[in-house]
Amino acid sequence: MTLRIAWFATARGTSSRKLLHAANDAIRDGRLDAEIVCVVCNRVRGQSANTDLFLDDVEQAGIPLISNSSLEWRRRVAGEISVPGQELASWRRDYDRHLFEQIREHSPDVAMLAGYMLVITDVICDHLPCLNLHPALPDGPIGTWQQVIHELIAQRADRSGMVLQRVTTELDRGPTVTWAEYPIRGPLFDPLWAEYGDDAESETPLFHAIREAGASREPAFILQSLQAIAARSSASSTSLAASTGDEIGSDLTAEVESEMKRLEI
């Protein structure tokens, strides 16, 4: 069964374009049995140069675009700015309700959050299985990718990874659907640990090396994860929507590393 995906991105940085390109390429080449039925962005043109380039890509690919500025929405309703760790401002559910009315017209099976910088409320995630890419192991740090890396350095960790989580109202702690890991020690990293390992607050060369190790694997991880979900949906009558999951999820480390080697050829 072809997986119907609603693709969410804020596209604040450059990785959102890479992830969308990778997914579109894999779909076109027959490596991913899926269709991106719409792209959802919480920015509009003029808010960011990176977002504008992302929106160009969406339009050139001919994918239906749902672009609504959350910033403009908040200002229009004189809403409060949500504070991390506290209950979301009330306007956020109204904003998500407005989005969901448009999203459901495209009948997606799942939502893929790939660089979407808003917390999804129950208005969406209670009605549509939402998958969020989080750049840490299942038991790893929570927060943004920057916060994750700072915490890894502070812990003097020897590995990191990424997970695809089912989104719940508990930030970064939803059930793990898939995961993969990679080392952050070894010939490339050890000299950087020796020189910068005591600095967990700055964006040092060690910080950037850890980021590159994760970011370079994200496209392969998302593609392998979505294909596993598509295969599972075809083979089983139990849909992702029915899976609340206390299970650890599928380890796709070997598949991701194999895909990385394929891309190097």
# chains A, B, ... in the order shown; residues from 1 in each chain; ligands from 1

$ closest_atom_pairs --of "range 193-241 of chain A" --to "range 174-186 of chain A" --cutoff "8 Å" --atoms "only C-alpha atoms" --output "JSON lines"
{"residue": "A:Ile210", "atom": "CA", "partner": "A:Ile184", "partner_atom": "CA", "distance": 6.5}
{"residue": "A:Ala213", "atom": "CA", "partner": "A:Tyr182", "partner_atom": "CA", "distance": 7.7}
{"residue": "A:Gly214", "atom": "CA", "partner": "A:Tyr182", "partner_atom": "CA", "distance": 7.8}
{"residue": "A:Phe221", "atom": "CA", "partner": "A:Ala180", "partner_atom": "CA", "distance": 7.4}
{"residue": "A:Ser225", "atom": "CA", "partner": "A:Thr178", "partner_atom": "CA", "distance": 6.3}

$ write_last_selection --atoms "all heavy atoms" --output "compact mmCIF listing (two decimals), in the first residue's frame"
# COMPACT_ATOMS: atom_id res chain seq x y z
N ILE A 210 29.88 16.35 15.44
CA ILE A 210 28.76 15.52 15.91
C ILE A 210 27.52 15.85 15.10
O ILE A 210 26.77 14.94 14.69
CB ILE A 210 28.52 15.74 17.41
CG1 ILE A 210 29.72 15.22 18.22
CG2 ILE A 210 27.24 15.04 17.86
CD1 ILE A 210 29.64 15.54 19.71
N ALA A 213 27.77 14.22 11.67
CA ALA A 213 27.59 12.77 11.72
C ALA A 213 26.11 12.41 11.75
O ALA A 213 25.68 11.43 11.13
CB ALA A 213 28.30 12.18 12.94
N GLY A 214 25.32 13.20 12.48
CA GLY A 214 23.89 12.94 12.53
C GLY A 214 23.17 13.43 11.30
O GLY A 214 22.38 12.69 10.69
N PHE A 221 17.97 7.70 7.10
CA PHE A 221 17.15 7.21 8.21
C PHE A 221 15.67 7.42 7.95
O PHE A 221 14.85 6.52 8.15
CB PHE A 221 17.57 7.90 9.50
CG PHE A 221 16.70 7.53 10.68
CD1 PHE A 221 16.71 6.25 11.20
CD2 PHE A 221 15.89 8.49 11.28
CE1 PHE A 221 15.91 5.91 12.29
CE2 PHE A 221 15.08 8.15 12.35
CZ PHE A 221 15.09 6.86 12.86
N SER A 225 12.99 4.46 7.38
CA SER A 225 11.88 4.41 8.33
C SER A 225 10.54 4.42 7.62
O SER A 225 9.64 3.62 7.92
CB SER A 225 11.97 5.58 9.30
OG SER A 225 13.14 5.53 10.09

$ residues_around --residues "Phe54 in chain A" --least-positions-apart "6" --cutoff "10 Å" --atoms "only C-alpha atoms" --output "ChimeraX atom specification"
/A:9-18,20-21,41,45,48,60

$ write_last_selection --atoms "N, CA and C atoms" --output "compact mmCIF listing (two decimals), in the first residue's frame"
# COMPACT_ATOMS: atom_id res chain seq x y z
N ALA A 9 7.33 21.00 7.65
CA ALA A 9 8.65 21.60 7.82
C ALA A 9 8.50 23.11 8.02
N THR A 10 9.31 23.64 8.91
CA THR A 10 9.43 25.09 9.04
C THR A 10 10.48 25.61 8.07
N ALA A 11 11.47 24.74 7.79
CA ALA A 11 12.55 25.07 6.84
C ALA A 11 13.34 26.27 7.31
N ARG A 12 13.66 26.28 8.59
CA ARG A 12 14.47 27.36 9.14
C ARG A 12 15.91 27.27 8.67
N GLY A 13 16.40 26.02 8.52
CA GLY A 13 17.76 25.80 8.05
C GLY A 13 17.77 25.13 6.69
N THR A 14 18.93 24.60 6.32
CA THR A 14 19.08 24.01 5.00
C THR A 14 18.73 22.52 4.95
N SER A 15 18.69 21.85 6.10
CA SER A 15 18.47 20.41 6.10
C SER A 15 17.07 20.03 5.63
N SER A 16 16.09 20.93 5.82
CA SER A 16 14.72 20.61 5.39
C SER A 16 14.66 20.36 3.88
N ARG A 17 15.40 21.15 3.12
CA ARG A 17 15.41 20.96 1.66
C ARG A 17 16.05 19.62 1.31
N LYS A 18 17.13 19.26 1.99
CA LYS A 18 17.80 18.01 1.71
C LYS A 18 16.89 16.82 2.00
N LEU A 20 13.56 16.74 2.05
CA LEU A 20 12.46 16.67 1.09
C LEU A 20 12.97 16.17 -0.26
N HIS A 21 14.14 16.65 -0.69
CA HIS A 21 14.72 16.18 -1.95
C HIS A 21 14.97 14.68 -1.91
N CYS A 41 3.75 24.09 6.06
CA CYS A 41 4.82 24.97 6.54
C CYS A 41 4.20 26.08 7.38
N ARG A 45 6.15 33.15 2.50
CA ARG A 45 7.25 33.82 1.80
C ARG A 45 7.56 35.17 2.44
N SER A 48 11.85 34.15 5.66
CA SER A 48 13.18 33.56 5.75
C SER A 48 13.65 33.16 4.36
N GLN A 60 7.91 23.59 -7.31
CA GLN A 60 8.50 22.98 -8.50
C GLN A 60 8.21 21.49 -8.57

$ select_by_dssp --residues "range 9-254 of chain A" --states "strand (DSSP E or B)" --output "VMD selection string"
chain A and resid 34 to 41 65 to 67 110 to 113 130 to 134 159 to 166 176 to 183 250 to 251

$ closest_residue --among "A:Arg43, A:Thr51, A:Gln102, A:Glu218" --to "Leu71 in chain A" --atoms "only C-alpha atoms"
A:Arg43

$ select_by_dssp --residues "range 61-247 of chain A" --states "helix (DSSP H, G or I)" --output "PyMOL selection string"
chain A and resi 61+70-76+91-106+122-125+145-155+190-196+205-215+218-235+240-242

$ closest_residue --among "A:Ala111, A:Ala23, A:Tyr95, A:Glu87" --to "Gln224 in chain A" --atoms "only C-alpha atoms"
A:Ala23

$ closest_residue --among "A:Val58, A:Leu3, A:Leu152, A:Ala157" --to "Leu32 in chain A" --atoms "only C-alpha atoms"
A:Leu3

$ residues_around --residues "Glu195 in chain A" --least-positions-apart "6" --cutoff "12 Å" --atoms "only C-alpha atoms" --output "PyMOL selection string"
chain A and resi 189+204-207

$ write_last_selection --atoms "N, CA, C and O atoms" --output "PDB file, in the first residue's frame"
ATOM      1  N   PHE A 189      36.869  11.674  15.706  1.00  0.00           N
ATOM      2  CA  PHE A 189      36.377  12.424  16.858  1.00  0.00           C
ATOM      3  C   PHE A 189      37.392  12.562  18.000  1.00  0.00           C
ATOM      4  O   PHE A 189      37.372  13.570  18.721  1.00  0.00           O
ATOM      5  N   THR A 204      31.854  24.358  19.061  1.00  0.00           N
ATOM      6  CA  THR A 204      33.242  24.071  18.726  1.00  0.00           C
ATOM      7  C   THR A 204      33.323  23.138  17.512  1.00  0.00           C
ATOM      8  O   THR A 204      32.310  22.616  17.037  1.00  0.00           O
ATOM      9  N   PRO A 205      34.531  22.883  17.000  1.00  0.00           N
ATOM     10  CA  PRO A 205      34.663  21.874  15.937  1.00  0.00           C
ATOM     11  C   PRO A 205      34.116  20.498  16.344  1.00  0.00           C
ATOM     12  O   PRO A 205      33.594  19.769  15.489  1.00  0.00           O
ATOM     13  N   LEU A 206      34.196  20.141  17.616  1.00  0.00           N
ATOM     14  CA  LEU A 206      33.597  18.888  18.083  1.00  0.00           C
ATOM     15  C   LEU A 206      32.083  18.938  17.939  1.00  0.00           C
ATOM     16  O   LEU A 206      31.463  17.970  17.463  1.00  0.00           O
ATOM     17  N   PHE A 207      31.496  20.038  18.338  1.00  0.00           N
ATOM     18  CA  PHE A 207      30.052  20.233  18.195  1.00  0.00           C
ATOM     19  C   PHE A 207      29.636  20.040  16.729  1.00  0.00           C
ATOM     20  O   PHE A 207      28.683  19.310  16.434  1.00  0.00           O
TER      21      PHE A 207
END

$ closest_residue --among "A:Arg166, A:Leu226, A:Gly62, A:Gly85" --to "Arg4 in chain A" --atoms "only C-alpha atoms"
A:Leu226

$ closest_residue --among "A:Val119, A:Leu192, A:Leu128, A:Leu252" --to "Gly161 in chain A" --atoms "only C-alpha atoms"
A:Leu252

$ closest_residue --among "A:Arg97, A:Arg74, A:Arg232, A:Arg217" --to "Met260 in chain A" --atoms "only C-alpha atoms"
A:Arg217

$ residues_around --residues "Ile124 in chain A" --least-positions-apart "3" --cutoff "8 Å" --atoms "only C-alpha atoms" --output "ChimeraX atom specification"
/A:96-97,100,120-121,127-128

$ write_last_selection --atoms "N, CA, C and O atoms" --output "tab-separated table (two decimals), in the first residue's frame"
chain	number	residue	atom	x	y	z
A	96	ASP	N	-3.68	24.99	14.95
A	96	ASP	CA	-3.62	23.61	14.46
A	96	ASP	C	-4.96	23.14	13.89
A	96	ASP	O	-5.00	22.37	12.92
A	97	ARG	N	-6.04	23.61	14.48
A	97	ARG	CA	-7.37	23.25	13.95
A	97	ARG	C	-7.53	23.79	12.52
A	97	ARG	O	-8.07	23.12	11.64
A	100	PHE	N	-5.46	21.59	10.25
A	100	PHE	CA	-5.98	20.25	10.07
A	100	PHE	C	-7.19	20.22	9.12
A	100	PHE	O	-7.39	19.25	8.39
A	120	ILE	N	3.30	20.03	18.03
A	120	ILE	CA	1.99	19.64	17.52
A	120	ILE	C	1.03	19.43	18.68
A	120	ILE	O	1.37	18.75	19.66
A	121	THR	N	-0.17	19.99	18.57
A	121	THR	CA	-1.16	19.81	19.63
A	121	THR	C	-2.02	18.58	19.38
A	121	THR	O	-1.97	17.97	18.30
A	127	HIS	N	-5.69	12.72	15.83
A	127	HIS	CA	-6.50	12.31	14.68
A	127	HIS	C	-5.66	11.85	13.49
A	127	HIS	O	-6.19	11.21	12.58
A	128	LEU	N	-4.37	12.17	13.50
A	128	LEU	CA	-3.48	11.78	12.43
A	128	LEU	C	-2.16	11.33	13.04
A	128	LEU	O	-1.55	12.09	13.79
